[in-house]
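Asks: What follows is input-v1.txt, made up of compact mmCIF, N, CA and C atoms and all ligand atoms:
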# COMPACT_ATOMS: atom_id res chain seq x y z
N MET U 1 19.37 -72.43 -11.13
CA MET U 1 20.04 -71.16 -11.40
C MET U 1 19.01 -70.09 -11.70
N LYS U 2 19.37 -68.87 -11.35
CA LYS U 2 18.48 -67.74 -11.60
C LYS U 2 19.24 -66.63 -12.32
N LEU U 3 18.52 -65.90 -13.14
CA LEU U 3 19.07 -64.70 -13.77
C LEU U 3 18.52 -63.48 -13.04
N ILE U 4 19.43 -62.68 -12.52
CA ILE U 4 19.04 -61.43 -11.88
C ILE U 4 19.30 -60.30 -12.87
N ILE U 5 18.24 -59.58 -13.22
CA ILE U 5 18.38 -58.39 -14.07
C ILE U 5 18.13 -57.18 -13.18
N ALA U 6 19.12 -56.31 -13.11
CA ALA U 6 18.99 -55.13 -12.24
C ALA U 6 19.33 -53.88 -13.02
N THR U 7 18.53 -52.83 -12.86
CA THR U 7 18.92 -51.53 -13.39
C THR U 7 19.40 -50.68 -12.21
N ILE U 8 20.50 -50.00 -12.44
CA ILE U 8 21.06 -49.15 -11.38
C ILE U 8 21.46 -47.81 -11.97
N LYS U 9 21.71 -46.84 -11.09
CA LYS U 9 22.23 -45.56 -11.54
C LYS U 9 23.70 -45.74 -11.95
N PRO U 10 24.08 -45.15 -13.08
CA PRO U 10 25.43 -45.38 -13.60
C PRO U 10 26.55 -45.10 -12.58
N PHE U 11 26.42 -44.08 -11.76
CA PHE U 11 27.51 -43.76 -10.83
C PHE U 11 27.66 -44.80 -9.73
N LYS U 12 26.70 -45.69 -9.60
CA LYS U 12 26.75 -46.74 -8.58
C LYS U 12 27.44 -48.01 -9.06
N LEU U 13 27.80 -48.05 -10.35
CA LEU U 13 28.29 -49.31 -10.92
C LEU U 13 29.50 -49.87 -10.18
N GLU U 14 30.50 -49.04 -9.92
CA GLU U 14 31.73 -49.56 -9.32
C GLU U 14 31.48 -50.10 -7.91
N GLU U 15 30.69 -49.35 -7.15
CA GLU U 15 30.37 -49.78 -5.78
C GLU U 15 29.58 -51.10 -5.78
N VAL U 16 28.63 -51.20 -6.70
CA VAL U 16 27.82 -52.43 -6.79
C VAL U 16 28.70 -53.60 -7.24
N ARG U 17 29.56 -53.37 -8.22
CA ARG U 17 30.44 -54.44 -8.69
C ARG U 17 31.32 -54.96 -7.57
N GLU U 18 31.90 -54.04 -6.79
CA GLU U 18 32.76 -54.47 -5.67
C GLU U 18 31.97 -55.28 -4.65
N ALA U 19 30.79 -54.82 -4.30
CA ALA U 19 29.98 -55.53 -3.30
C ALA U 19 29.58 -56.91 -3.81
N LEU U 20 29.27 -57.00 -5.11
CA LEU U 20 28.87 -58.29 -5.68
C LEU U 20 30.05 -59.25 -5.72
N THR U 21 31.23 -58.75 -6.04
CA THR U 21 32.43 -59.60 -6.04
C THR U 21 32.67 -60.14 -4.64
N GLU U 22 32.54 -59.28 -3.63
CA GLU U 22 32.71 -59.72 -2.24
C GLU U 22 31.66 -60.76 -1.85
N ALA U 23 30.47 -60.65 -2.43
CA ALA U 23 29.39 -61.58 -2.11
C ALA U 23 29.53 -62.90 -2.86
N GLY U 24 30.55 -63.01 -3.71
CA GLY U 24 30.81 -64.29 -4.37
C GLY U 24 30.40 -64.39 -5.82
N VAL U 25 29.97 -63.27 -6.41
CA VAL U 25 29.63 -63.27 -7.83
C VAL U 25 30.91 -63.28 -8.65
N ARG U 26 30.97 -64.21 -9.62
CA ARG U 26 32.21 -64.34 -10.40
C ARG U 26 32.10 -63.81 -11.81
N GLY U 27 30.90 -63.52 -12.25
CA GLY U 27 30.76 -62.97 -13.59
C GLY U 27 29.46 -62.20 -13.73
N MET U 28 29.43 -61.25 -14.63
CA MET U 28 28.18 -60.53 -14.89
C MET U 28 28.27 -59.84 -16.24
N MET U 29 27.13 -59.50 -16.77
CA MET U 29 27.07 -58.69 -17.98
C MET U 29 26.65 -57.28 -17.58
N VAL U 30 27.27 -56.30 -18.22
CA VAL U 30 26.97 -54.89 -17.92
C VAL U 30 26.66 -54.19 -19.24
N THR U 31 25.53 -53.52 -19.29
CA THR U 31 25.13 -52.80 -20.50
C THR U 31 24.68 -51.40 -20.15
N GLU U 32 25.12 -50.43 -20.95
CA GLU U 32 24.61 -49.07 -20.80
C GLU U 32 23.28 -48.99 -21.54
N ILE U 33 22.26 -48.61 -20.82
CA ILE U 33 20.93 -48.54 -21.44
C ILE U 33 20.29 -47.18 -21.16
N LYS U 34 19.15 -46.97 -21.76
CA LYS U 34 18.27 -45.87 -21.36
C LYS U 34 16.92 -46.48 -21.03
N GLY U 35 16.21 -45.87 -20.11
CA GLY U 35 14.92 -46.43 -19.77
C GLY U 35 14.07 -45.44 -19.00
N PHE U 36 12.91 -45.90 -18.64
CA PHE U 36 12.08 -45.09 -17.75
C PHE U 36 11.23 -45.98 -16.87
N GLY U 37 10.84 -45.44 -15.73
CA GLY U 37 9.97 -46.14 -14.79
C GLY U 37 8.68 -45.39 -14.63
N SER U 38 8.18 -45.41 -13.41
CA SER U 38 6.82 -44.90 -13.21
C SER U 38 6.70 -43.39 -13.35
N GLN U 39 7.83 -42.67 -13.24
CA GLN U 39 7.74 -41.22 -13.46
C GLN U 39 8.02 -40.85 -14.91
N SER U 40 8.20 -41.89 -15.77
CA SER U 40 8.52 -41.66 -17.18
C SER U 40 9.77 -40.82 -17.38
N GLY U 41 10.67 -40.85 -16.40
CA GLY U 41 11.93 -40.13 -16.55
C GLY U 41 11.85 -38.64 -16.33
N HIS U 42 10.65 -38.09 -16.26
CA HIS U 42 10.51 -36.63 -16.30
C HIS U 42 11.20 -35.89 -15.17
N THR U 43 11.16 -36.45 -13.98
CA THR U 43 11.65 -35.68 -12.84
C THR U 43 12.99 -36.19 -12.31
N GLU U 44 13.67 -37.03 -13.11
CA GLU U 44 14.91 -37.61 -12.60
C GLU U 44 16.11 -36.70 -12.75
N ILE U 45 16.99 -36.77 -11.75
CA ILE U 45 18.24 -36.02 -11.80
C ILE U 45 19.35 -36.96 -12.27
N TYR U 46 20.13 -36.54 -13.27
CA TYR U 46 21.28 -37.30 -13.73
C TYR U 46 22.43 -36.33 -13.91
N ARG U 47 23.55 -36.57 -13.22
CA ARG U 47 24.70 -35.66 -13.24
C ARG U 47 24.29 -34.22 -12.96
N GLY U 48 23.46 -34.06 -11.94
CA GLY U 48 23.10 -32.73 -11.48
C GLY U 48 22.03 -32.04 -12.28
N ALA U 49 21.66 -32.62 -13.43
CA ALA U 49 20.65 -31.96 -14.27
C ALA U 49 19.35 -32.73 -14.21
N GLU U 50 18.28 -32.00 -14.15
CA GLU U 50 16.98 -32.66 -14.18
C GLU U 50 16.69 -33.09 -15.61
N TYR U 51 16.35 -34.35 -15.78
CA TYR U 51 16.12 -34.87 -17.13
C TYR U 51 14.74 -34.49 -17.64
N ALA U 52 14.71 -33.76 -18.71
CA ALA U 52 13.44 -33.29 -19.26
C ALA U 52 12.95 -34.20 -20.38
N VAL U 53 13.63 -35.32 -20.56
CA VAL U 53 13.23 -36.24 -21.62
C VAL U 53 12.70 -37.53 -21.00
N ASN U 54 12.20 -38.40 -21.83
CA ASN U 54 11.57 -39.62 -21.33
C ASN U 54 12.56 -40.70 -20.93
N PHE U 55 13.74 -40.72 -21.54
CA PHE U 55 14.68 -41.79 -21.29
C PHE U 55 15.87 -41.30 -20.49
N VAL U 56 16.16 -42.02 -19.42
CA VAL U 56 17.27 -41.64 -18.54
C VAL U 56 18.34 -42.74 -18.61
N PRO U 57 19.62 -42.36 -18.71
CA PRO U 57 20.69 -43.37 -18.76
C PRO U 57 20.71 -44.23 -17.49
N LYS U 58 20.87 -45.51 -17.70
CA LYS U 58 20.96 -46.48 -16.59
C LYS U 58 22.00 -47.52 -16.96
N ILE U 59 22.42 -48.28 -15.97
CA ILE U 59 23.23 -49.48 -16.22
C ILE U 59 22.33 -50.69 -15.98
N LYS U 60 22.38 -51.64 -16.91
CA LYS U 60 21.68 -52.91 -16.70
C LYS U 60 22.70 -53.99 -16.36
N LEU U 61 22.47 -54.66 -15.25
CA LEU U 61 23.32 -55.80 -14.85
C LEU U 61 22.55 -57.08 -15.10
N GLU U 62 23.22 -58.07 -15.64
CA GLU U 62 22.64 -59.42 -15.78
C GLU U 62 23.59 -60.39 -15.10
N ILE U 63 23.09 -61.08 -14.09
CA ILE U 63 23.93 -61.95 -13.27
C ILE U 63 23.24 -63.29 -13.11
N VAL U 64 23.91 -64.37 -13.51
CA VAL U 64 23.37 -65.71 -13.30
C VAL U 64 24.05 -66.31 -12.07
N VAL U 65 23.22 -66.74 -11.13
CA VAL U 65 23.75 -67.28 -9.86
C VAL U 65 23.00 -68.56 -9.49
N PRO U 66 23.64 -69.41 -8.63
CA PRO U 66 22.89 -70.54 -8.10
C PRO U 66 21.66 -70.03 -7.35
N ALA U 67 20.56 -70.75 -7.42
CA ALA U 67 19.31 -70.29 -6.80
C ALA U 67 19.48 -69.98 -5.32
N THR U 68 20.37 -70.70 -4.66
CA THR U 68 20.57 -70.48 -3.22
C THR U 68 21.19 -69.13 -2.91
N MET U 69 21.78 -68.49 -3.92
CA MET U 69 22.44 -67.19 -3.67
C MET U 69 21.55 -65.99 -3.96
N VAL U 70 20.38 -66.23 -4.53
CA VAL U 70 19.58 -65.12 -5.07
C VAL U 70 19.25 -64.05 -4.01
N ASP U 71 18.74 -64.50 -2.86
CA ASP U 71 18.30 -63.52 -1.86
C ASP U 71 19.46 -62.63 -1.41
N GLN U 72 20.60 -63.26 -1.19
CA GLN U 72 21.78 -62.52 -0.74
C GLN U 72 22.23 -61.51 -1.80
N ILE U 73 22.19 -61.92 -3.06
CA ILE U 73 22.66 -61.03 -4.13
C ILE U 73 21.67 -59.88 -4.34
N VAL U 74 20.39 -60.18 -4.29
CA VAL U 74 19.38 -59.13 -4.43
C VAL U 74 19.53 -58.12 -3.28
N ASP U 75 19.76 -58.61 -2.07
CA ASP U 75 19.99 -57.71 -0.93
C ASP U 75 21.23 -56.84 -1.14
N THR U 76 22.28 -57.45 -1.64
CA THR U 76 23.52 -56.71 -1.87
C THR U 76 23.31 -55.59 -2.86
N ILE U 77 22.62 -55.90 -3.97
CA ILE U 77 22.36 -54.86 -4.98
C ILE U 77 21.49 -53.76 -4.38
N THR U 78 20.43 -54.18 -3.68
CA THR U 78 19.51 -53.20 -3.10
C THR U 78 20.24 -52.26 -2.14
N ASN U 79 21.00 -52.84 -1.23
CA ASN U 79 21.68 -52.02 -0.21
C ASN U 79 22.73 -51.10 -0.82
N THR U 80 23.37 -51.54 -1.90
CA THR U 80 24.46 -50.75 -2.48
C THR U 80 23.94 -49.70 -3.45
N ALA U 81 22.87 -50.04 -4.20
CA ALA U 81 22.40 -49.14 -5.26
C ALA U 81 21.44 -48.07 -4.74
N LYS U 82 20.94 -48.25 -3.53
CA LYS U 82 19.89 -47.36 -3.04
C LYS U 82 20.42 -45.98 -2.64
N THR U 83 19.79 -44.94 -3.20
CA THR U 83 20.07 -43.58 -2.73
C THR U 83 18.86 -43.01 -2.00
N GLY U 84 17.71 -43.64 -2.21
CA GLY U 84 16.46 -43.15 -1.63
C GLY U 84 15.76 -42.14 -2.51
N LYS U 85 16.42 -41.75 -3.61
CA LYS U 85 15.81 -40.80 -4.54
C LYS U 85 15.16 -41.57 -5.69
N ILE U 86 14.33 -40.89 -6.46
CA ILE U 86 13.65 -41.59 -7.56
C ILE U 86 14.67 -42.06 -8.58
N GLY U 87 14.33 -43.17 -9.26
CA GLY U 87 15.20 -43.71 -10.29
C GLY U 87 16.27 -44.65 -9.77
N ASP U 88 16.11 -45.17 -8.57
CA ASP U 88 17.11 -46.09 -8.01
C ASP U 88 17.13 -47.44 -8.72
N GLY U 89 16.10 -47.72 -9.53
CA GLY U 89 16.15 -48.92 -10.34
C GLY U 89 15.23 -50.03 -9.87
N LYS U 90 15.31 -51.13 -10.59
CA LYS U 90 14.46 -52.28 -10.30
C LYS U 90 15.26 -53.55 -10.45
N ILE U 91 14.76 -54.61 -9.83
CA ILE U 91 15.43 -55.91 -9.91
C ILE U 91 14.39 -56.96 -10.30
N PHE U 92 14.74 -57.76 -11.30
CA PHE U 92 13.88 -58.86 -11.74
C PHE U 92 14.66 -60.16 -11.60
N VAL U 93 13.96 -61.23 -11.23
CA VAL U 93 14.60 -62.54 -11.09
C VAL U 93 13.88 -63.55 -11.98
N LEU U 94 14.64 -64.23 -12.84
CA LEU U 94 14.09 -65.20 -13.80
C LEU U 94 14.78 -66.55 -13.63
N ASP U 95 14.09 -67.60 -14.05
CA ASP U 95 14.69 -68.93 -14.06
C ASP U 95 15.66 -69.08 -15.23
N VAL U 96 16.73 -69.82 -14.99
CA VAL U 96 17.70 -70.14 -16.06
C VAL U 96 17.73 -71.65 -16.25
N GLU U 97 17.59 -72.10 -17.48
CA GLU U 97 17.52 -73.54 -17.75
C GLU U 97 18.87 -74.20 -17.84
N GLN U 98 19.84 -73.50 -18.37
CA GLN U 98 21.09 -74.15 -18.71
C GLN U 98 22.23 -73.15 -18.75
N ALA U 99 23.41 -73.58 -18.36
CA ALA U 99 24.60 -72.76 -18.55
C ALA U 99 25.72 -73.68 -19.04
N LEU U 100 26.63 -73.13 -19.83
CA LEU U 100 27.73 -73.92 -20.38
C LEU U 100 28.97 -73.04 -20.51
N ARG U 101 30.08 -73.52 -19.95
CA ARG U 101 31.35 -72.81 -20.18
C ARG U 101 31.99 -73.38 -21.43
N VAL U 102 32.11 -72.55 -22.44
CA VAL U 102 32.54 -73.02 -23.77
C VAL U 102 33.92 -73.66 -23.71
N ARG U 103 34.85 -73.06 -22.94
CA ARG U 103 36.24 -73.55 -22.94
C ARG U 103 36.37 -74.96 -22.42
N THR U 104 35.59 -75.31 -21.38
CA THR U 104 35.80 -76.59 -20.70
C THR U 104 34.65 -77.57 -20.88
N GLY U 105 33.53 -77.10 -21.33
CA GLY U 105 32.37 -77.97 -21.43
C GLY U 105 31.62 -78.11 -20.12
N GLU U 106 32.10 -77.45 -19.03
CA GLU U 106 31.38 -77.52 -17.75
C GLU U 106 29.97 -76.97 -17.93
N THR U 107 29.04 -77.53 -17.16
CA THR U 107 27.65 -77.11 -17.32
C THR U 107 27.06 -76.62 -16.00
N ASN U 108 25.98 -75.86 -16.15
CA ASN U 108 25.16 -75.38 -15.04
C ASN U 108 26.00 -74.71 -13.95
N GLU U 109 25.78 -75.02 -12.66
CA GLU U 109 26.45 -74.22 -11.62
C GLU U 109 27.97 -74.26 -11.75
N GLU U 110 28.51 -75.35 -12.28
CA GLU U 110 29.97 -75.42 -12.48
C GLU U 110 30.45 -74.46 -13.55
N ALA U 111 29.52 -74.02 -14.37
CA ALA U 111 29.88 -73.12 -15.47
C ALA U 111 29.79 -71.65 -15.06
N LEU U 112 29.32 -71.40 -13.86
CA LEU U 112 29.13 -70.01 -13.45
C LEU U 112 30.44 -69.42 -12.93
N1 LIG U 201 8.37 -52.45 -15.62
C1 LIG U 201 9.62 -52.35 -16.07
N2 LIG U 201 10.09 -53.22 -16.97
C2 LIG U 201 11.35 -53.16 -17.41
N3 LIG U 201 12.24 -52.24 -17.01
C3 LIG U 201 11.83 -51.35 -16.10
C4 LIG U 201 10.51 -51.34 -15.57
N4 LIG U 201 10.40 -50.32 -14.69
C5 LIG U 201 11.61 -49.73 -14.66
N5 LIG U 201 12.47 -50.33 -15.51
C6 LIG U 201 13.87 -49.99 -15.77
O1 LIG U 201 14.42 -49.56 -14.53
C7 LIG U 201 14.96 -48.23 -14.65
C8 LIG U 201 14.75 -47.48 -13.36
O2 LIG U 201 13.41 -47.51 -13.01
P1 LIG U 201 12.90 -46.55 -11.84
O3 LIG U 201 12.78 -45.16 -12.38
O4 LIG U 201 13.76 -46.72 -10.64
O5 LIG U 201 11.47 -47.20 -11.60
P2 LIG U 201 10.13 -46.51 -11.00
O6 LIG U 201 10.11 -45.10 -11.47
O7 LIG U 201 9.02 -47.33 -11.60
O8 LIG U 201 10.24 -46.65 -9.54
C9 LIG U 201 14.20 -47.65 -15.83
O9 LIG U 201 14.98 -46.63 -16.45
C10 LIG U 201 14.05 -48.85 -16.74
O10 LIG U 201 15.24 -49.06 -17.46
MG MG U 202 11.41 -43.67 -11.73
Starting from the file, lay out its structure as structure tokens.
Replies:
Amino acid sequence: MKLIIATIKPFKLEEVREALTEAGVRGMMVTEIKGFGSQSGHTEIYRGAEYAVNFVPKIKLEIVVPATMVDQIVDTITNTAKTGKIGDGKIFVLDVEQALRVRTGETNEEAL
């Protein structure tokens, strides 16, 4: 299993969620965050305004998937979240050791 951490532009959340559901993702965590990348947020546009501060609002997605699905899911996020403008976000992929569904005791891929 792998954990995909992706930052996306907030207005892209619904479109990305729909595409991920179609791609077979059954659960995810969504957090409103602030962050910055290589431009330190200085030149980013958010809701029509150029951000003059260091931190720009983003959505962070955390998605645990079977390792065999990673490439497809990363592609889905990339294709859906991309505007071609700065601040489109980043995707990180990490190993996951264990998963457990509390209600049933199912483990690992069965728990996803
Ligand atoms: N090296 C990093 N480590 C962790 N989070 C990052 C990193 N780079 C970017 N991010 C997160 O991704 C968001 C979008 O980054 P983005 O501006 O698209 O990156 P860049 O300017 O480097 O191309 C940032 O607001 C931040 O939350
Ligand atoms: Mg940037």
Asks: Select, from U:Glu97, U:Glu109, U:Glu15, U:Asp88, the residue with the minimum atom-to-atom distance to ligand MG 202 (chain U), counting only N, CA and C atoms and all ligand atoms.
Replies: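 Looking at the shortest contact to ligand MG 202 (chain U), the residue is U:Asp88.
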Asks: Grab me every residue within 7 Å of ligand MG 202 (chain U), counting all atoms listed in the file, and send it over as a list in words.
Replies: Phe36, Gly37, Ser38, Gln39, Ser40, Gly41, Ile86, Gly87, Asp88 and Gly89 of chain U
Asks: Ile59 (chain U): which residues within 7 Å, counting only C-alpha atoms, same-chain residues fewer than 2 positions away excluded, as a PyMOL selection string?
Replies: chain U and resi 7-10+30-33+61
Asks: Taking all atoms of ligand LIG 201 (chain U) that the file lists and extending 3 Å past them on each side, where is the centre of the axis-aligned box and how long are its edges? Answer in Å to one decimal, as JSON.
Replies:
{"center_x": 11.8, "center_y": -49.2, "center_z": -13.5, "size_x": 12.9, "size_y": 14.1, "size_z": 13.9}
Asks: Which neighbours of Arg101 (chain U) fall inside 8 Å, counting only C-alpha atoms, when residues of the same chain fewer than 6 positions from it are skipped, and could you give them as a list in words?
Replies: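 Neighbouring residues, sequence-local ones excluded: Thr107, Ala111 and Leu112 of chain U.
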Asks: Taking 4 positions as the minimum chain separation for residues in the same chain, which residues sit within 12 Å of Arg47 (chain U) when counting only C-alpha atoms? Answer as a ChimeraX atom specification.
Replies: /U:9-11,51,56-58
Asks: Could those residues be written to a file, using N, CA and C atoms, as an mmCIF file, in the frame of the given file?
Replies:
data_model
loop_
_atom_site.group_PDB
_atom_site.id
_atom_site.type_symbol
_atom_site.label_atom_id
_atom_site.label_comp_id
_atom_site.auth_asym_id
_atom_site.auth_seq_id
_atom_site.Cartn_x
_atom_site.Cartn_y
_atom_site.Cartn_z
ATOM 1 N N LYS U 9 21.710 -46.840 -11.090
ATOM 2 C CA LYS U 9 22.230 -45.560 -11.540
ATOM 3 C C LYS U 9 23.700 -45.740 -11.950
ATOM 4 N N PRO U 10 24.080 -45.150 -13.080
ATOM 5 C CA PRO U 10 25.430 -45.380 -13.600
ATOM 6 C C PRO U 10 26.550 -45.100 -12.580
ATOM 7 N N PHE U 11 26.420 -44.080 -11.760
ATOM 8 C CA PHE U 11 27.510 -43.760 -10.830
ATOM 9 C C PHE U 11 27.660 -44.800 -9.730
ATOM 10 N N TYR U 51 16.350 -34.350 -15.780
ATOM 11 C CA TYR U 51 16.120 -34.870 -17.130
ATOM 12 C C TYR U 51 14.740 -34.490 -17.640
ATOM 13 N N VAL U 56 16.160 -42.020 -19.420
ATOM 14 C CA VAL U 56 17.270 -41.640 -18.540
ATOM 15 C C VAL U 56 18.340 -42.740 -18.610
ATOM 16 N N PRO U 57 19.620 -42.360 -18.710
ATOM 17 C CA PRO U 57 20.690 -43.370 -18.760
ATOM 18 C C PRO U 57 20.710 -44.230 -17.490
ATOM 19 N N LYS U 58 20.870 -45.510 -17.700
ATOM 20 C CA LYS U 58 20.960 -46.480 -16.590
ATOM 21 C C LYS U 58 22.000 -47.520 -16.960
#
Asks: Scan for residues within 8 Å of the point (16.5, -63.9, -5.1) in the coordinates of the file, using only N, CA and C atoms, and reply as a list of chain:residue names.
Replies: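 Within the cut-off we find U:Lys2, U:Ile4, U:Ala67, U:Thr68, U:Met69, U:Val70, U:Asp71, U:Gln72, U:Ile73, U:Val74, U:Asp75, U:Phe92, U:Val93, U:Leu94.
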Asks: Could you tell me how far CA of Val16 (chain U) lies from atom C of Ala49 (chain U), in Å and to one decimal?
Replies: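 Atom C of Ala49 (chain U) lies 22.7 Å from CA of Val16 (chain U).
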Asks: Compile the contact shell of Gln98 (chain U) as a ChimeraX atom specification: residues with an atom at most 7 Å away, counting only C-alpha atoms, same-chain residues fewer than 2 positions apart removed.
Replies: /U:96,100,108
Asks: Determine the nearest neighbour of Arg17 (chain U) from the options U:Ile77, U:Tyr46, U:Phe55, U:Lys60, counting only C-alpha atoms.
Replies: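 Smallest distance to Arg17 (chain U) is found for U:Ile77.
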Asks: Can you pull out every residue from chain U that DSSP, working from the backbone, puts in alpha helix (DSSP H), and format the result as a PyMOL selection string?
Replies: chain U and resi 13-22+70-81
Asks: Pick the closest to ligand LIG 201 (chain U) from U:Glu106, U:Val65, U:Lys34, U:Thr80: which is it, counting all atoms listed in the file?
Replies: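 Ranking U:Glu106, U:Val65, U:Lys34, U:Thr80 by distance to ligand LIG 201 (chain U), first place goes to U:Lys34.
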Asks: Need to verify the contact set: Glu18 (chain U), 12 Å, only C-alpha atoms, exclusion of same-chain residues closer than 3 positions in sequence. Can you return it as number ranges by chain?
Replies: U: 12-15, 21-28, 76-77, 80-81
